[in-house]
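Each remark here refers to the structure printed beneath this line.
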Amino acid sequence: MALYEHVFLARQDLAQAQVDALAEIATKIVNDNEGRVVKTENWGLRSLAYKIAKNRKAHYVMLEIDAPGSVIAELERQTQINEDIIRYMTVKVDTLEEGPTVMMRKQDRDRERRGDREGGREGRPDRGDRPDRGPRRDREEGAE
């Protein structure tokens, strides 16, 4: 059997439970047709580079699939029919990626950076704590 990565974009107005249900439907299609979904990743709600069907954002979901080509044809046929999916792409790959994909690692890095801004700055002074500058009114008073 061949290995595939199938990514689909779901409408922005769907709830996360509905997006998960779409992933389950795709998994069921693959499993019912003698294929196997190796891994499912939900990349979350992300901005699009341009509007697609009046959507500025979309829920991204990726499935790693081990199945024959006929299963992928059926999956794509069913995906085209579904109104909640605005785009999809299936790519045949030589090997499936071990561990989290690049998109998931990028999200982890972004979370770490946001954590730094939200108070995790040990040893780094805040802008108001800079020793080379006092409060603004002191500088204004000294200038007069």
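Going by the structure tokens order, chains are called A, B, ..., each with residues numbered from 1, while ligands are numbered from 1 in the order shown.
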
When DSSP works through the backbone of this structure, what residues of region 15-116 of chain A end up as strand (DSSP E or B), shown as a ChimeraX atom specification?
/A:36-52,55-67,85-93

State, in Å with one decimal place, the distance from CA of Thr90 (chain A) to CA of Asp66 (chain A).
12.2 Å

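Taking CA of Gly44 (chain A) and CA of Val61 (chain A) as the two end points, the separation is 7.4 Å.
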
Within 7 Å of Arg36 (chain A) using only C-alpha atoms, minus same-chain residues under 2 positions, as a PyMOL selection string
chain A and resi 30-31+34+38+65-67

Next, write the just-selected residues to a file, as a PDB file, in the first residue's frame, keeping all heavy atoms as the atom set.
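Writing the result to part_1.pdb gives the following:
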ATOM      1  N   VAL A  30     -11.568   5.903   5.029  1.00  0.00           N
ATOM      2  CA  VAL A  30     -10.318   5.183   4.768  1.00  0.00           C
ATOM      3  C   VAL A  30     -10.388   3.776   5.355  1.00  0.00           C
ATOM      4  O   VAL A  30     -10.066   2.783   4.686  1.00  0.00           O
ATOM      5  CB  VAL A  30      -9.111   5.961   5.333  1.00  0.00           C
ATOM      6  CG1 VAL A  30      -7.842   5.140   5.242  1.00  0.00           C
ATOM      7  CG2 VAL A  30      -8.943   7.278   4.594  1.00  0.00           C
ATOM      8  N   ASN A  31     -10.828   3.668   6.606  1.00  0.00           N
ATOM      9  CA  ASN A  31     -10.880   2.361   7.268  1.00  0.00           C
ATOM     10  C   ASN A  31     -11.880   1.413   6.612  1.00  0.00           C
ATOM     11  O   ASN A  31     -11.625   0.210   6.505  1.00  0.00           O
ATOM     12  CB  ASN A  31     -11.217   2.523   8.750  1.00  0.00           C
ATOM     13  CG  ASN A  31     -10.084   3.166   9.527  1.00  0.00           C
ATOM     14  OD1 ASN A  31      -8.934   3.128   9.114  1.00  0.00           O
ATOM     15  ND2 ASN A  31     -10.425   3.776  10.652  1.00  0.00           N
ATOM     16  N   GLU A  34     -10.481  -0.530   3.430  1.00  0.00           N
ATOM     17  CA  GLU A  34      -9.267  -1.314   3.630  1.00  0.00           C
ATOM     18  C   GLU A  34      -7.984  -0.498   3.655  1.00  0.00           C
ATOM     19  O   GLU A  34      -6.928  -0.958   3.268  1.00  0.00           O
ATOM     20  CB  GLU A  34      -9.170  -2.417   2.570  1.00  0.00           C
ATOM     21  CG  GLU A  34     -10.346  -3.371   2.615  1.00  0.00           C
ATOM     22  CD  GLU A  34     -10.395  -4.269   1.400  1.00  0.00           C
ATOM     23  OE1 GLU A  34      -9.444  -4.263   0.610  1.00  0.00           O
ATOM     24  OE2 GLU A  34     -11.395  -4.980   1.254  1.00  0.00           O
ATOM     25  N   VAL A  38      -2.808   6.501   9.885  1.00  0.00           N
ATOM     26  CA  VAL A  38      -1.702   6.327  10.819  1.00  0.00           C
ATOM     27  C   VAL A  38      -1.720   7.412  11.884  1.00  0.00           C
ATOM     28  O   VAL A  38      -1.522   7.142  13.070  1.00  0.00           O
ATOM     29  CB  VAL A  38      -0.356   6.342  10.060  1.00  0.00           C
ATOM     30  CG1 VAL A  38       0.806   6.212  11.013  1.00  0.00           C
ATOM     31  CG2 VAL A  38      -0.334   5.241   9.026  1.00  0.00           C
ATOM     32  N   ILE A  65      -1.989   8.666   5.876  1.00  0.00           N
ATOM     33  CA  ILE A  65      -2.777   7.510   5.448  1.00  0.00           C
ATOM     34  C   ILE A  65      -1.884   6.470   4.797  1.00  0.00           C
ATOM     35  O   ILE A  65      -0.988   6.805   4.020  1.00  0.00           O
ATOM     36  CB  ILE A  65      -3.871   7.965   4.453  1.00  0.00           C
ATOM     37  CG1 ILE A  65      -4.785   8.999   5.114  1.00  0.00           C
ATOM     38  CG2 ILE A  65      -4.661   6.787   3.937  1.00  0.00           C
ATOM     39  CD1 ILE A  65      -5.724   9.692   4.155  1.00  0.00           C
ATOM     40  N   ASP A  66      -2.161   5.218   5.116  1.00  0.00           N
ATOM     41  CA  ASP A  66      -1.522   4.073   4.465  1.00  0.00           C
ATOM     42  C   ASP A  66      -2.641   3.305   3.773  1.00  0.00           C
ATOM     43  O   ASP A  66      -3.411   2.591   4.419  1.00  0.00           O
ATOM     44  CB  ASP A  66      -0.814   3.216   5.516  1.00  0.00           C
ATOM     45  CG  ASP A  66      -0.072   2.041   4.911  1.00  0.00           C
ATOM     46  OD1 ASP A  66       0.044   1.988   3.675  1.00  0.00           O
ATOM     47  OD2 ASP A  66       0.386   1.177   5.686  1.00  0.00           O
ATOM     48  N   ALA A  67      -2.768   3.479   2.450  1.00  0.00           N
ATOM     49  CA  ALA A  67      -3.903   2.890   1.729  1.00  0.00           C
ATOM     50  C   ALA A  67      -3.603   2.819   0.238  1.00  0.00           C
ATOM     51  O   ALA A  67      -2.729   3.527  -0.259  1.00  0.00           O
ATOM     52  CB  ALA A  67      -5.154   3.744   1.964  1.00  0.00           C
TER      53      ALA A  67
END

Just give me the gap between CA of Ile86 (chain A) and CA of Asn33 (chain A) in Å, one decimal is fine.
23.8 Å

A:Leu45, A:Ala53, A:Ile29, A:Leu22 ranked by distance to Glu74 (chain A), top pick (using only C-alpha atoms):
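For Glu74 (chain A), the nearest of the given residues is A:Ile29.
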
Counting only C-alpha atoms, figure out which residue out of A:Gly35, A:Tyr60, A:Ile25, A:Asn55 gets nearest to Ala73 (chain A).
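Nearest to Ala73 (chain A): A:Gly35.
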
Apply DSSP to the backbone of this structure and, from region 5-139 of chain A, keep only the residues in alpha helix (DSSP H); write these as an MDAnalysis selection string.
chainID A and resid 16:32 69:81 102:117 136:139

Using only C-alpha atoms, which residues sit within 12 Å of region 87-89 of chain A once same-chain residues fewer than 2 positions away are excluded, as an NGL selection string?
:A and (4-11 or 26 or 48 or 51-53 or 55 or 57-63 or 72-73 or 75-85 or 91-92)

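Using only C-alpha atoms, the nearest neighbour of Arg56 (chain A) within the list A:Arg109, A:Val71, A:Leu3, A:Asp13 is A:Asp13.
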